[in-house]
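Contents: one structure, followed by commentary.
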Amino acid sequence: MSRVLDWIAGFGRFWYHFIVGDDWTVAAAVAVALVITAGLRAAGLAAWWLLPPVVIAVLGVSVVRARRTAASGRS
Amino acid sequence: MIANAAFIATFLASAVEAIELVTIVIGVGATRGWRSTVIGALSGFGVLAVIVVVVGAALTAIPIGPLRLVVGTLLLVFGLQWFRKGIVRVAARGFAGAQGPDVHDGELWTEPGLDWTAFVLAFKGVLLEGLEVAFIVVSFGASANQYGVAAIGGIAAVVVVGAVGFAIKNSVTRIPRSLLQLVVGIMLTTFGSFWALEGLGVRWPLGDGSIPVLLSFYAATGLGYVLVERRRLVALRAAAPA
């Protein structure tokens, strides 16, 4: 039984690490961008343009967060 | 004549999908290690073969949209993690990397068990792109009433592109790992963005031609972030007491 629970916990940890990684804001921003894109498409509006700038913006924020995390780890 | 046209059309259309498939497998293998990547790719081909045999010509009835959305979103969020790590590491070490391949940066899998990250990335890439090749074969085969020729065209495209990928594998492996992680991160982010929106039913302005445009946009921005971070690090080192 405990091996099954360990396997389930390991499975959950793998997917958490795969999707969320060490910066949850990236997955959250992508999810929000995709929901808004789906809304734009449902409204019959052009929707392809939204995701790339969101990706670039969240990447920049994530780089800054990684830098701050590294700096706080050193201090 | 019709058979030749069906072969050429299927080969060219399938080659586009095969390039995406091979790019992901080579990039993941060179970054994370080959064993789990190859097992993931072979598993993807295995599942694909079962689907093709069981479903056959009714393959086009499978809703590819939700699969594209799920696989694209997963590749996008994971690709962004590598994209960010690549920017930070290349900014710290430069494009030359650490005097050749650096095996100590934490991405190369050195444990005895299966690397599930490499497995899942390769598996999803092969399954999704393989399904798209199968759709092309069924669609072109049905329209020309040449299923056999279309199947040969699709398989030939995967074999030829796969052979080219295998031939350049060693060259890719020699790229410094920090730079490789940046490049693979950009590619996963590009394919992920493209597939996720296609999965939502959004049409890109140039169709598949939007992929190189998106790739260039992400690469240029990534390069900009690397230069900004590098300039900041150089200024920090110059200001640090000797």
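All residue names refer to the structure tokens as shown: chains lettered A, B, ... in order, residues numbered from 1 in each chain, ligands numbered from 1 in order.
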
| task | Would you mind listing what lies within 12 Å of B:Ile26 as a PyMOL selection string, with only C-alpha atoms counted and same-chain residues fewer than 3 positions away left out? | result | chain B and resi 18-23+29-35+37-38+41+118+121-122+125-126+161-173+180-181+183-184+187-188

| task | May I have the residues of chain B within 9 Å of chain A, counting only C-alpha atoms, written as an MDAnalysis selection string? | result | chainID B and resid 73:78 80:81 83:85 87:88 116:117 189:190 193 196:197 200:205 214 217:218 221:222 225 229

Which neighbours of B:Val138 fall inside 8 Å, counting only C-alpha atoms, when residues of the same chain fewer than 5 positions from it are skipped, and could you give them as a short mmCIF file (atom, residue, chain, number, x, y, z; two decimals) with C-alpha atoms, in the first residue's frame?
data_model
loop_
_atom_site.label_atom_id
_atom_site.label_comp_id
_atom_site.auth_asym_id
_atom_site.auth_seq_id
_atom_site.Cartn_x
_atom_site.Cartn_y
_atom_site.Cartn_z
CA ALA B 57 -8.62 5.13 -42.29
CA LEU B 59 -8.06 8.29 -38.16
CA THR B 60 -9.27 11.69 -39.31
CA TYR B 147 -3.42 5.00 -49.65
CA ALA B 150 0.65 8.10 -49.53
CA ALA B 151 1.75 5.79 -46.69
#

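The space between atom CA of A:Val54 and atom CA of A:Thr25 spans 11.7 Å.
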
| Do you have the atom CA of B:Leu227-atom CA of B:Leu182 distance handy? | 13.4 Å

| DSSP alpha helix (DSSP H) selection over chain A, as a PyMOL selection string | chain A and resi 2-19+24-42+51-74
